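Trainee: To be precise about what I am sending: the file is called work-v9.txt and holds compact mmCIF, C-alpha atoms and all ligand atoms.
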```
# COMPACT_ATOMS: atom_id res chain seq x y z
CA MET C 12 45.02 22.40 -24.35
CA LEU C 13 43.77 19.67 -26.69
CA VAL C 14 42.50 16.75 -24.62
CA LEU C 15 41.14 13.40 -25.77
CA VAL C 16 38.33 12.15 -23.53
CA ILE C 17 37.72 8.41 -23.52
CA ASN C 18 34.69 6.58 -22.13
CA CYS C 19 34.91 2.79 -22.51
CA GLY C 20 32.05 0.35 -22.08
CA SER C 21 32.27 -3.42 -22.37
CA SER C 22 31.75 -3.30 -26.15
CA SER C 23 32.13 0.37 -26.99
CA VAL C 24 34.61 3.24 -26.93
CA LYS C 25 33.23 6.79 -26.99
CA TYR C 26 35.62 9.64 -27.55
CA ASP C 27 35.55 13.42 -27.53
CA LEU C 28 38.46 15.61 -28.61
CA ILE C 29 38.12 18.91 -26.75
CA GLN C 30 40.04 22.18 -26.90
CA THR C 31 39.89 23.19 -23.25
CA THR C 32 41.13 26.75 -23.83
CA ASP C 33 37.84 27.73 -25.46
CA GLU C 34 35.86 24.71 -24.15
CA MET C 35 34.99 23.67 -27.71
CA GLY C 36 34.54 20.13 -29.02
CA VAL C 37 36.75 19.40 -32.04
CA CYS C 38 35.57 15.91 -32.96
CA ARG C 39 33.60 13.19 -31.24
CA GLY C 40 32.54 9.67 -32.06
CA VAL C 41 32.02 6.11 -30.98
CA VAL C 42 33.05 2.59 -31.88
CA GLU C 43 30.20 0.23 -30.95
CA ARG C 44 29.73 -3.54 -30.95
CA ILE C 45 33.44 -4.20 -30.44
CA GLY C 46 34.13 -7.91 -30.85
CA ALA C 47 30.92 -8.60 -32.82
CA VAL C 48 30.96 -9.80 -36.42
CA THR C 49 30.82 -6.17 -37.54
CA SER C 50 31.38 -3.09 -35.44
CA ILE C 51 29.84 0.32 -36.02
CA VAL C 52 32.14 3.33 -36.25
CA LYS C 53 30.81 6.90 -36.08
CA HIS C 54 32.78 10.14 -36.22
CA GLU C 55 31.36 13.66 -35.88
CA PRO C 56 33.91 16.40 -36.60
CA ALA C 57 32.54 19.72 -35.27
CA GLY C 58 30.73 21.76 -37.89
CA ARG C 59 31.25 19.15 -40.59
CA GLU C 60 29.46 16.13 -42.00
CA SER C 61 29.51 13.07 -39.74
CA SER C 62 30.38 9.59 -40.98
CA LYS C 63 29.12 6.11 -40.12
CA ASP C 64 30.79 2.90 -41.19
CA THR C 65 30.89 -0.80 -40.34
CA LYS C 66 34.25 -2.49 -39.76
CA VAL C 67 35.72 -5.49 -38.00
CA ILE C 68 37.08 -4.25 -34.65
CA ALA C 69 38.17 -7.08 -32.37
CA ASN C 70 39.03 -5.25 -29.14
CA HIS C 71 39.41 -1.91 -27.36
CA SER C 72 42.98 -1.50 -28.61
CA GLU C 73 41.84 -1.75 -32.25
CA ALA C 74 39.01 0.69 -31.50
CA LEU C 75 41.56 3.21 -30.20
CA GLN C 76 43.69 2.66 -33.31
CA GLU C 77 40.62 3.30 -35.50
CA ILE C 78 39.91 6.55 -33.63
CA MET C 79 43.53 7.74 -33.88
CA ASN C 80 43.63 6.90 -37.62
CA PHE C 81 40.54 9.03 -38.18
CA LEU C 82 41.86 11.98 -36.14
CA LEU C 83 45.27 11.86 -37.86
CA SER C 84 44.09 11.25 -41.43
CA SER C 85 45.11 14.18 -43.63
CA ASP C 86 41.73 13.91 -45.43
CA ASN C 87 39.91 14.81 -42.23
CA GLU C 88 42.12 17.76 -41.24
CA ILE C 89 41.46 17.38 -37.51
CA ILE C 90 44.98 17.18 -36.10
CA SER C 91 48.21 17.07 -38.06
CA ASP C 92 50.32 15.25 -35.50
CA ILE C 93 49.72 12.96 -32.56
CA SER C 94 51.70 15.36 -30.38
CA ASP C 95 48.89 17.93 -30.79
CA ILE C 96 46.99 15.93 -28.13
CA LYS C 97 48.43 16.93 -24.76
CA ALA C 98 46.48 14.73 -22.36
CA VAL C 99 43.88 11.95 -22.19
CA GLY C 100 41.00 12.07 -19.71
CA HIS C 101 39.37 8.73 -18.85
CA ARG C 102 35.93 8.34 -17.36
CA VAL C 103 36.16 5.76 -14.59
CA VAL C 104 32.86 4.80 -13.00
CA HIS C 105 33.87 3.58 -9.54
CA GLY C 106 36.66 5.11 -7.50
CA GLY C 107 35.65 3.35 -4.28
CA GLU C 108 36.52 5.20 -1.09
CA MET C 109 40.02 5.96 -2.29
CA PHE C 110 39.53 8.63 -4.95
CA LYS C 111 38.07 11.93 -3.86
CA ASP C 112 39.44 13.74 -6.92
CA SER C 113 40.71 13.10 -10.41
CA VAL C 114 44.24 11.66 -10.54
CA LEU C 115 47.18 11.20 -12.84
CA ILE C 116 47.18 7.52 -13.78
CA ASP C 117 50.14 5.41 -12.69
CA ASP C 118 50.48 1.74 -11.76
CA VAL C 119 49.15 2.32 -8.24
CA VAL C 120 46.03 4.04 -9.61
CA LYS C 121 45.47 1.23 -12.11
CA GLU C 122 45.75 -1.30 -9.30
CA ALA C 123 43.17 0.63 -7.25
CA ILE C 124 40.78 0.75 -10.23
CA GLU C 125 41.21 -3.00 -10.51
CA GLN C 126 40.52 -3.43 -6.80
CA ALA C 127 37.17 -1.71 -7.40
CA PHE C 128 36.21 -4.29 -10.10
CA ASP C 129 33.94 -6.06 -7.61
CA LEU C 130 32.13 -2.79 -6.86
CA ALA C 131 31.39 -2.07 -10.55
CA PRO C 132 31.81 -5.30 -12.50
CA LEU C 133 30.09 -3.91 -15.61
CA HIS C 134 32.02 -0.66 -15.73
CA ASN C 135 35.48 -0.69 -14.14
CA PRO C 136 36.97 -3.61 -16.16
CA PRO C 137 36.25 -1.94 -19.55
CA ASN C 138 37.36 1.42 -18.11
CA LEU C 139 40.75 -0.10 -17.27
CA LYS C 140 40.95 -1.80 -20.68
CA GLY C 141 40.42 1.61 -22.27
CA ILE C 142 43.15 3.17 -20.14
CA GLU C 143 45.63 0.48 -21.14
CA ALA C 144 44.70 0.65 -24.82
CA ALA C 145 45.02 4.46 -24.83
CA GLN C 146 48.34 4.36 -22.97
CA ASP C 147 49.63 1.99 -25.68
CA ARG C 148 48.59 4.39 -28.45
CA LEU C 149 49.55 7.61 -26.66
CA PRO C 150 52.40 6.61 -24.34
CA ASP C 151 54.13 9.99 -24.02
CA ILE C 152 51.37 12.15 -22.53
CA PRO C 153 49.62 12.25 -19.15
CA HIS C 154 46.52 10.08 -18.71
CA VAL C 155 44.07 11.22 -16.05
CA ALA C 156 41.26 9.24 -14.38
CA VAL C 157 38.06 11.17 -13.59
CA PHE C 158 35.71 9.22 -11.33
CA ASP C 159 31.89 9.22 -11.41
CA THR C 160 31.93 8.72 -7.66
CA ALA C 161 34.38 11.51 -6.72
CA PHE C 162 31.89 14.41 -6.45
CA HIS C 163 29.84 12.43 -3.92
CA HIS C 164 32.76 12.00 -1.53
CA SER C 165 31.31 14.82 0.54
CA LEU C 166 28.32 12.65 1.58
CA PRO C 167 28.18 12.53 5.39
CA PRO C 168 28.09 9.13 7.14
CA HIS C 169 24.36 9.50 7.92
CA ALA C 170 23.74 9.61 4.15
CA TYR C 171 26.18 6.91 3.07
CA LEU C 172 25.79 4.24 5.76
CA TYR C 173 23.27 1.44 5.17
CA GLY C 174 21.30 -0.19 7.96
CA ILE C 175 23.40 -3.35 7.95
CA PRO C 176 26.11 -4.53 10.38
CA ASN C 177 28.87 -1.93 10.46
CA ARG C 178 31.42 -4.71 10.10
CA LEU C 179 30.32 -5.05 6.44
CA TYR C 180 31.19 -1.42 5.85
CA ARG C 181 34.55 -1.75 7.59
CA ARG C 182 35.47 -5.02 5.86
CA HIS C 183 33.97 -4.61 2.42
CA LYS C 184 33.30 -0.88 2.09
CA ILE C 185 29.57 -1.47 1.57
CA ARG C 186 28.12 2.04 1.60
CA ARG C 187 26.43 4.56 -0.68
CA TYR C 188 28.90 5.98 -3.23
CA GLY C 189 26.71 7.74 -5.81
CA PHE C 190 27.39 8.16 -9.54
CA HIS C 191 26.97 10.64 -12.44
CA GLY C 192 29.18 12.91 -10.29
CA THR C 193 30.64 14.87 -13.22
CA SER C 194 27.13 15.63 -14.48
CA HIS C 195 25.73 16.74 -11.10
CA TYR C 196 28.86 18.85 -10.62
CA PHE C 197 28.65 20.44 -14.08
CA VAL C 198 25.00 21.48 -14.04
CA SER C 199 25.18 22.81 -10.48
CA ARG C 200 28.20 24.98 -11.42
CA GLN C 201 26.44 26.21 -14.54
CA TYR C 202 23.50 27.25 -12.37
CA TYR C 203 25.64 29.27 -9.93
CA LYS C 204 27.25 31.04 -12.91
CA LEU C 205 24.02 31.74 -14.77
CA ARG C 206 22.05 33.01 -11.80
CA LYS C 207 25.07 34.68 -10.16
CA LYS C 208 24.59 32.67 -6.98
CA SER C 209 27.11 32.25 -4.23
CA LYS C 210 27.94 28.54 -4.13
CA SER C 211 28.19 28.47 -0.35
CA LYS C 212 24.69 29.87 0.16
CA THR C 213 22.86 27.91 -2.51
CA ASN C 214 21.00 24.59 -2.34
CA VAL C 215 20.16 22.78 -5.56
CA ILE C 216 18.59 19.47 -6.52
CA THR C 217 20.02 18.06 -9.74
CA CYS C 218 18.03 15.48 -11.71
CA HIS C 219 20.16 13.55 -14.21
CA LEU C 220 17.49 11.69 -16.15
CA GLY C 221 18.84 9.53 -18.97
CA ASN C 222 18.94 5.79 -19.51
CA GLY C 223 20.63 5.80 -16.15
CA ALA C 224 19.04 8.27 -13.74
CA SER C 225 20.08 9.80 -10.45
CA ILE C 226 19.09 12.75 -8.31
CA SER C 227 21.38 14.66 -5.95
CA ALA C 228 21.03 17.15 -3.14
CA ILE C 229 23.81 19.75 -3.39
CA LYS C 230 24.23 22.07 -0.42
CA GLY C 231 26.85 24.81 -0.45
CA GLY C 232 28.40 23.30 -3.58
CA GLU C 233 28.81 19.83 -2.06
CA SER C 234 26.84 16.68 -2.72
CA ILE C 235 25.18 15.74 0.57
CA ASP C 236 22.92 12.97 -0.69
CA THR C 237 22.25 11.14 -3.92
CA SER C 238 19.83 8.48 -5.11
CA MET C 239 22.30 5.91 -6.48
CA GLY C 240 24.09 3.86 -3.88
CA PHE C 241 26.69 1.11 -3.67
CA THR C 242 26.25 0.57 -7.42
CA PRO C 243 24.42 2.42 -10.23
CA LEU C 244 21.57 -0.11 -9.94
CA SER C 245 19.88 1.62 -7.04
CA GLY C 246 17.82 4.76 -6.52
CA MET C 247 15.05 5.68 -8.91
CA VAL C 248 13.66 3.43 -11.61
CA MET C 249 15.71 3.68 -14.86
CA GLY C 250 15.58 2.55 -18.49
CA THR C 251 16.32 -1.10 -17.76
CA ARG C 252 17.54 -0.96 -14.14
CA SER C 253 15.12 -1.59 -11.28
CA GLY C 254 16.28 1.09 -8.85
CA ASP C 255 15.48 0.50 -5.17
CA LEU C 256 13.35 -2.40 -4.06
CA ASP C 257 12.62 -4.28 -0.86
CA PRO C 258 15.63 -6.65 -0.46
CA SER C 259 13.27 -9.47 0.55
CA ILE C 260 11.90 -9.46 -2.99
CA LEU C 261 15.22 -10.91 -4.16
CA PHE C 262 15.00 -13.97 -1.88
CA TYR C 263 11.40 -14.41 -2.90
CA ILE C 264 12.12 -14.26 -6.66
CA VAL C 265 15.09 -16.63 -6.38
CA GLU C 266 12.87 -19.14 -4.66
CA LYS C 267 9.73 -18.76 -6.77
CA GLU C 268 11.45 -18.51 -10.17
CA GLU C 269 14.37 -20.80 -9.30
CA LEU C 270 16.81 -18.21 -10.57
CA GLN C 271 20.60 -18.37 -10.44
CA LEU C 272 22.36 -15.27 -9.11
CA ASN C 273 23.63 -14.25 -12.58
CA SER C 274 20.09 -14.38 -14.00
CA LEU C 275 18.89 -12.25 -11.10
CA HIS C 276 21.65 -9.75 -11.84
CA ALA C 277 20.65 -9.63 -15.54
CA MET C 278 16.97 -9.30 -14.66
CA LEU C 279 17.57 -6.35 -12.33
CA ASN C 280 20.06 -4.57 -14.61
CA ARG C 281 18.75 -5.28 -18.11
CA HIS C 282 15.10 -6.35 -17.96
CA SER C 283 13.64 -4.15 -15.23
CA GLY C 284 12.94 -0.42 -14.89
CA LEU C 285 10.83 1.25 -17.58
CA LEU C 286 11.29 -1.77 -19.84
CA GLY C 287 10.16 -4.16 -17.14
CA ILE C 288 7.09 -2.17 -16.11
CA SER C 289 5.93 -1.38 -19.64
CA GLY C 290 6.89 -4.73 -21.17
CA TYR C 291 7.51 -2.64 -24.27
CA ALA C 292 10.54 -0.31 -24.23
CA SER C 293 13.21 1.32 -22.10
CA ASP C 294 13.29 4.43 -24.26
CA MET C 295 11.17 7.29 -22.94
CA ARG C 296 10.26 8.49 -26.45
CA ASP C 297 8.77 5.08 -27.32
CA LEU C 298 6.88 4.96 -24.03
CA ILE C 299 5.40 8.43 -24.52
CA SER C 300 4.23 7.64 -28.01
CA GLU C 301 2.68 4.26 -27.03
CA ALA C 302 1.03 5.79 -23.96
CA LYS C 303 -0.56 8.37 -26.29
CA ASN C 304 -1.94 5.43 -28.28
CA GLY C 305 -3.59 4.18 -25.09
CA ASP C 306 -1.08 1.59 -23.84
CA ARG C 307 -1.77 1.35 -20.11
CA ARG C 308 1.52 -0.25 -19.06
CA CYS C 309 3.57 2.33 -20.96
CA GLN C 310 1.60 5.03 -19.14
CA GLN C 311 2.25 3.29 -15.81
CA ALA C 312 6.00 3.20 -16.51
CA ILE C 313 5.99 6.98 -17.14
CA ASP C 314 3.88 7.54 -14.02
CA VAL C 315 6.26 5.53 -11.81
CA PHE C 316 9.27 7.40 -13.21
CA CYS C 317 7.76 10.85 -12.61
CA TYR C 318 6.40 9.94 -9.18
CA GLN C 319 9.84 8.82 -8.04
CA ILE C 320 11.43 12.09 -9.23
CA LYS C 321 8.82 13.99 -7.23
CA LYS C 322 9.54 11.90 -4.11
CA TYR C 323 13.28 12.51 -4.30
CA ILE C 324 12.80 16.25 -4.84
CA GLY C 325 10.42 16.44 -1.87
CA SER C 326 12.72 14.51 0.43
CA TYR C 327 15.84 16.46 -0.58
CA MET C 328 14.00 19.72 0.00
CA GLY C 329 13.29 18.41 3.48
CA VAL C 330 16.92 17.41 4.01
CA MET C 331 18.23 20.84 2.90
CA ASN C 332 15.47 22.93 4.48
CA GLY C 333 14.34 24.08 1.03
CA CYS C 334 16.22 24.68 -2.18
CA ASP C 335 16.99 27.46 -4.65
CA ALA C 336 16.71 25.37 -7.80
CA VAL C 337 15.66 22.08 -9.30
CA ILE C 338 17.78 21.31 -12.37
CA PHE C 339 16.88 18.84 -15.11
CA THR C 340 19.54 17.34 -17.36
CA ALA C 341 20.47 14.35 -19.61
CA GLY C 342 18.34 12.80 -22.40
CA ILE C 343 14.96 12.79 -20.66
CA GLY C 344 15.56 15.79 -18.40
CA GLU C 345 16.65 17.99 -21.29
CA ASN C 346 14.11 16.81 -23.84
CA SER C 347 10.85 15.79 -22.22
CA PRO C 348 8.43 18.58 -21.22
CA LEU C 349 5.94 15.90 -20.23
CA VAL C 350 8.24 14.26 -17.66
CA ARG C 351 9.30 17.64 -16.22
CA LYS C 352 5.68 18.74 -15.90
CA LYS C 353 4.43 15.49 -14.37
CA ALA C 354 7.31 15.34 -11.90
CA LEU C 355 6.72 18.89 -10.66
CA GLU C 356 2.95 19.26 -10.80
CA GLN C 357 1.23 20.21 -7.56
CA MET C 358 4.40 21.26 -5.79
CA ASP C 359 3.38 24.92 -5.45
CA HIS C 360 3.11 24.32 -1.71
CA LEU C 361 6.89 23.81 -1.77
CA GLY C 362 7.43 26.92 -3.88
CA ILE C 363 7.78 25.13 -7.23
CA GLU C 364 5.72 26.47 -10.12
CA ILE C 365 6.50 25.52 -13.67
CA ASP C 366 5.67 27.88 -16.58
CA GLU C 367 3.88 25.55 -19.00
CA GLN C 368 4.60 27.63 -22.07
CA LYS C 369 8.32 27.93 -21.33
CA ASN C 370 8.45 24.22 -20.53
CA ASN C 371 6.70 23.21 -23.75
CA GLU C 372 8.52 25.62 -26.02
CA LEU C 373 12.04 24.97 -24.76
CA VAL C 374 14.39 24.27 -27.67
CA PRO C 375 16.35 21.01 -27.05
CA GLY C 376 19.97 21.71 -26.19
CA LYS C 377 19.18 25.12 -24.71
CA THR C 378 19.70 26.23 -21.12
CA GLU C 379 16.55 27.84 -19.78
CA ARG C 380 14.64 28.72 -16.62
CA ILE C 381 11.20 27.16 -16.98
CA SER C 382 9.62 28.26 -13.69
CA THR C 383 7.16 31.13 -13.39
CA ASP C 384 8.39 34.50 -12.11
CA ALA C 385 6.39 33.86 -8.93
CA SER C 386 8.02 30.48 -8.30
CA LYS C 387 10.26 30.60 -5.21
CA VAL C 388 12.37 27.78 -6.62
CA ASP C 389 14.08 28.14 -10.00
CA VAL C 390 13.31 25.22 -12.28
CA MET C 391 16.12 24.95 -14.80
CA VAL C 392 16.94 22.82 -17.81
CA ILE C 393 20.72 22.72 -18.24
CA PRO C 394 22.30 20.39 -20.83
CA THR C 395 25.03 18.34 -19.21
CA ASN C 396 28.58 18.11 -20.52
CA GLU C 397 30.43 15.38 -18.64
CA GLU C 398 33.14 15.20 -21.28
CA LEU C 399 34.02 18.86 -20.76
CA VAL C 400 34.41 18.31 -17.00
CA ILE C 401 36.71 15.35 -17.71
CA ALA C 402 38.73 17.35 -20.27
CA ILE C 403 39.17 20.34 -17.95
CA ASP C 404 40.25 18.15 -15.03
CA ALA C 405 42.68 16.25 -17.27
CA ALA C 406 44.14 19.53 -18.60
CA LYS C 407 44.59 20.89 -15.06
CA ILE C 408 46.33 17.76 -13.80
CA ALA C 409 48.45 17.44 -16.95
CA SER C 410 49.66 21.06 -16.60
CA ALA C 411 50.49 20.51 -12.95
CA SER C 412 52.37 17.30 -13.77
CA ASP C 413 54.48 19.31 -16.25
CA GLN C 414 55.69 21.46 -13.38
CA SER C 415 55.99 18.96 -10.57
CA PRO C 416 56.88 15.26 -10.41
CA TRP C 417 54.67 14.90 -7.28
CA VAL C 418 51.21 15.32 -8.83
P1 LIG P 1 20.79 9.57 -22.23
O1 LIG P 1 21.10 8.30 -21.48
O2 LIG P 1 21.16 10.81 -21.47
O3 LIG P 1 21.34 9.58 -23.63
O4 LIG P 1 19.20 9.64 -22.39
C1 LIG P 1 18.50 8.66 -23.10
C2 LIG P 1 17.01 8.81 -22.78
O5 LIG P 1 16.59 10.12 -23.19
C3 LIG P 1 16.14 7.80 -23.52
O6 LIG P 1 15.15 7.29 -22.64
C4 LIG P 1 15.45 8.67 -24.56
O7 LIG P 1 14.19 8.19 -24.91
C5 LIG P 1 15.32 9.98 -23.81
N1 LIG P 1 15.00 11.07 -24.74
C6 LIG P 1 15.76 11.60 -25.71
N2 LIG P 1 15.05 12.54 -26.40
C7 LIG P 1 13.81 12.57 -25.85
C8 LIG P 1 12.61 13.32 -26.10
N3 LIG P 1 12.54 14.21 -27.07
N4 LIG P 1 11.53 13.07 -25.33
C9 LIG P 1 11.56 12.15 -24.34
N5 LIG P 1 12.67 11.44 -24.04
C10 LIG P 1 13.78 11.64 -24.78
```
I need this file expressed as structure tokens, please.
Mentor:
Amino acid sequence: MLVLVINCGSSSVKYDLIQTTDEMGVCRGVVERIGAVTSIVKHEPAGRESSKDTKVIANHSEALQEIMNFLLSSDNEIISDISDIKAVGHRVVHGGEMFKDSVLIDDVVKEAIEQAFDLAPLHNPPNLKGIEAAQDRLPDIPHVAVFDTAFHHSLPPHAYLYGIPNRLYRRHKIRRYGFHGTSHYFVSRQYYKLRKKSKSKTNVITCHLGNGASISAIKGGESIDTSMGFTPLSGMVMGTRSGDLDPSILFYIVEKEELQLNSLHAMLNRHSGLLGISGYASDMRDLISEAKNGDRRCQQAIDVFCYQIKKYIGSYMGVMNGCDAVIFTAGIGENSPLVRKKALEQMDHLGIEIDEQKNNELVPGKTERISTDASKVDVMVIPTNEELVIAIDAAKIASASDQSPWV
């Protein structure tokens, strides 16, 4: 089935057209800087030359129109008719407590996504905008919402409750939700397949290390703990997000710096993390190259990042009574031998031994085991494919909705 996957940010629309039958990408791209004086439009048809252009794109609806024009243009020979696309899968960041699985989108689902605006103010509003724009352009096919939080619905109360009055959980649903669920799900499933492991008897720790970063403990195929919490701001230090900190620091900063709440929000989300520590960059490549040139703060940012990965791995091994594999994925996890090495060094006591040559020589984009033969724990690098998970879920739900009006 040909499925269009849509991932909308506040000023961007990413898309991926995927043939789910053979799990192959047909064309992908992005419209960025929507609403700015000029927007950037990129398309990458599989196996062919990609294109990059600047245009005036005022809103998400025009971005969707631009994408559909490209896919349908006879010059590009991607699809000949709009009816070739059988379903649309939408990435929705926060499903709150309501959504444990992907769902066919109807008015009730859209209302629930809107109700979760307060839980993910940066993500859910553009996600809903994208759904509405895509429904306008493709009104006759099923649209499916796939939630970043859904895979973590298996967290037990002792992992999702915070140490605050329970009334706040009951009234406002303040609890740990966890994010990057499609990625943690995908790489853990790839591991079971590759190493022929029985899901029910296998414990893995998945490290999704990109601009956003989260680590999950997956026991018997289910997420039982994860580093992100109520929002994607918490957990380990990230590109520009602070990750966890002592809550008292917030009162202290507000008082000392005379900050308004919105400035505090911007500081924690956009000016903290690797960027904040280094004072130089949020991008790991830039930090590594400046640290090599002797920049102390860039080196400290890398050190903090790797130390926190190590702490999560150690604690999740404790929680699961050991693990079969540690899996690295996303931009940093897939591409940085230095981060993988630093995060896992001196963990032989826990049965983790990395093979330096395999780690250093790994070709980006490849799936590989990078632990030594003697290592009790497999250390794996597995490229993530969140779009494929979304496409497959959308195809499944669309097929079911063909057969039953009760999906
Ligand atoms: P993502 O959010 O998954 O796209 O990941 C983005 C992060 O991956 C950025 O911090 C990049 O610097 C990092 N990244 C990409 N390639 C490399 C590389 N070769 N070495 C180190 N970090 C990389």
Trainee: If you count all atoms listed in the file, which residues end up within 7 Å of ligand LIG 1 (chain P), as a compact mmCIF listing (two decimals) with C-alpha atoms, in the coordinates of the input?
Mentor:
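Writing the result to selection20.txt gives the following:
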```txt
# COMPACT_ATOMS: atom_id res chain seq x y z
CA LEU C 220 17.49 11.69 -16.15
CA GLY C 221 18.84 9.53 -18.97
CA ASN C 222 18.94 5.79 -19.51
CA GLY C 223 20.63 5.80 -16.15
CA GLY C 250 15.58 2.55 -18.49
CA SER C 293 13.21 1.32 -22.10
CA ASP C 294 13.29 4.43 -24.26
CA MET C 295 11.17 7.29 -22.94
CA ARG C 296 10.26 8.49 -26.45
CA ASP C 297 8.77 5.08 -27.32
CA ALA C 341 20.47 14.35 -19.61
CA GLY C 342 18.34 12.80 -22.40
CA ILE C 343 14.96 12.79 -20.66
CA ASN C 346 14.11 16.81 -23.84
CA SER C 347 10.85 15.79 -22.22
```
Trainee: Leaving out Pro153 (chain C) and any residue of its chain fewer than 2 positions from it, which residues lie within 9 Å of it when counting only C-alpha atoms, given as a PyMOL selection string?
Mentor: chain C and resi 97-100+115-116+146+149-151+155+405+408-409+412
Trainee: Can you tell me which residues surround region 232-240 of chain C at a distance of at most 6 Å, considering all atoms listed in the file, apart from same-chain residues fewer than 3 positions away, and format the answer as a list in words?
Mentor: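 Within the cut-off, the hits are His163, Ser165, Leu166, Ala170, Arg187, Tyr188, Gly189, Lys210, Ser225, Ile226, Ser227, Ala228, Ile229, Pro243, Ser245 and Gly246 of chain C.
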Trainee: Could you jot down the CA of Ile401 (chain C) to CA of Met249 (chain C) separation for me, Å, one decimal place?
Mentor: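 Distance reported for this atom pair: 24.2 Å.
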Trainee: Quick one: pull the distance between CA of Leu349 (chain C) and CA of Ile216 (chain C), Å, one decimal.
Mentor: 19.0 Å
Trainee: Give as a list of chain:residue names the set of residues within 6 Å of the point (17.4, -3.5, -12.0), where distances use the file's coordinates and all atoms listed in the file.
Mentor: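 Residues with an atom at most 6 Å from (17.4, -3.5, -12.0): C:Leu244, C:Arg252, C:Ser253, C:Gly254, C:Leu279, C:Asn280, C:Ser283.
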Trainee: Give as a PyMOL selection string every residue, naming chains and numbers as the document does, that has an atom within 12 Å of (30.5, 31.1, -1.7), counting all atoms listed in the file.
Mentor: chain C and resi 200+203-204+207-214+230-233
Trainee: Mind completing region 159-171 of chain C with N, CA, C and O atoms? Output as a PDB file, in the frame of the given file, please?
Mentor:
```pdb
ATOM      1  N   ASP C 159      33.319   8.895 -11.569  1.00  0.00           N
ATOM      2  CA  ASP C 159      31.890   9.220 -11.410  1.00  0.00           C
ATOM      3  C   ASP C 159      31.491   9.378  -9.954  1.00  0.00           C
ATOM      4  O   ASP C 159      30.490  10.005  -9.633  1.00  0.00           O
ATOM      5  N   THR C 160      32.260   8.732  -9.076  1.00  0.00           N
ATOM      6  CA  THR C 160      31.930   8.720  -7.660  1.00  0.00           C
ATOM      7  C   THR C 160      32.526   9.914  -6.902  1.00  0.00           C
ATOM      8  O   THR C 160      32.076  10.228  -5.793  1.00  0.00           O
ATOM      9  N   ALA C 161      33.557  10.564  -7.495  1.00  0.00           N
ATOM     10  CA  ALA C 161      34.380  11.510  -6.720  1.00  0.00           C
ATOM     11  C   ALA C 161      33.554  12.660  -6.132  1.00  0.00           C
ATOM     12  O   ALA C 161      33.734  13.024  -4.965  1.00  0.00           O
ATOM     13  N   PHE C 162      32.645  13.229  -6.927  1.00  0.00           N
ATOM     14  CA  PHE C 162      31.890  14.410  -6.450  1.00  0.00           C
ATOM     15  C   PHE C 162      31.045  14.077  -5.213  1.00  0.00           C
ATOM     16  O   PHE C 162      30.738  14.955  -4.413  1.00  0.00           O
ATOM     17  N   HIS C 163      30.700  12.805  -5.053  1.00  0.00           N
ATOM     18  CA  HIS C 163      29.840  12.430  -3.920  1.00  0.00           C
ATOM     19  C   HIS C 163      30.646  12.071  -2.661  1.00  0.00           C
ATOM     20  O   HIS C 163      30.078  11.569  -1.697  1.00  0.00           O
ATOM     21  N   HIS C 164      31.949  12.322  -2.697  1.00  0.00           N
ATOM     22  CA  HIS C 164      32.760  12.000  -1.530  1.00  0.00           C
ATOM     23  C   HIS C 164      32.422  12.843  -0.310  1.00  0.00           C
ATOM     24  O   HIS C 164      32.802  12.528   0.820  1.00  0.00           O
ATOM     25  N   SER C 165      31.685  13.937  -0.575  1.00  0.00           N
ATOM     26  CA  SER C 165      31.310  14.820   0.540  1.00  0.00           C
ATOM     27  C   SER C 165      30.086  14.287   1.297  1.00  0.00           C
ATOM     28  O   SER C 165      29.677  14.887   2.294  1.00  0.00           O
ATOM     29  N   LEU C 166      29.485  13.189   0.846  1.00  0.00           N
ATOM     30  CA  LEU C 166      28.320  12.650   1.580  1.00  0.00           C
ATOM     31  C   LEU C 166      28.693  12.386   3.044  1.00  0.00           C
ATOM     32  O   LEU C 166      29.725  11.764   3.312  1.00  0.00           O
ATOM     33  N   PRO C 167      27.876  12.832   3.981  1.00  0.00           N
ATOM     34  CA  PRO C 167      28.180  12.530   5.390  1.00  0.00           C
ATOM     35  C   PRO C 167      27.800  11.088   5.717  1.00  0.00           C
ATOM     36  O   PRO C 167      26.983  10.480   5.009  1.00  0.00           O
ATOM     37  N   PRO C 168      28.384  10.526   6.797  1.00  0.00           N
ATOM     38  CA  PRO C 168      28.090   9.130   7.140  1.00  0.00           C
ATOM     39  C   PRO C 168      26.590   8.839   7.260  1.00  0.00           C
ATOM     40  O   PRO C 168      26.136   7.771   6.859  1.00  0.00           O
ATOM     41  N   HIS C 169      25.788   9.826   7.767  1.00  0.00           N
ATOM     42  CA  HIS C 169      24.360   9.500   7.920  1.00  0.00           C
ATOM     43  C   HIS C 169      23.674   9.338   6.563  1.00  0.00           C
ATOM     44  O   HIS C 169      22.589   8.784   6.483  1.00  0.00           O
ATOM     45  N   ALA C 170      24.317   9.813   5.480  1.00  0.00           N
ATOM     46  CA  ALA C 170      23.740   9.610   4.150  1.00  0.00           C
ATOM     47  C   ALA C 170      24.344   8.401   3.448  1.00  0.00           C
ATOM     48  O   ALA C 170      23.713   7.810   2.579  1.00  0.00           O
ATOM     49  N   TYR C 171      25.577   8.023   3.819  1.00  0.00           N
ATOM     50  CA  TYR C 171      26.180   6.910   3.070  1.00  0.00           C
ATOM     51  C   TYR C 171      26.136   5.556   3.779  1.00  0.00           C
ATOM     52  O   TYR C 171      26.366   4.535   3.163  1.00  0.00           O
TER      53      TYR C 171
END
```
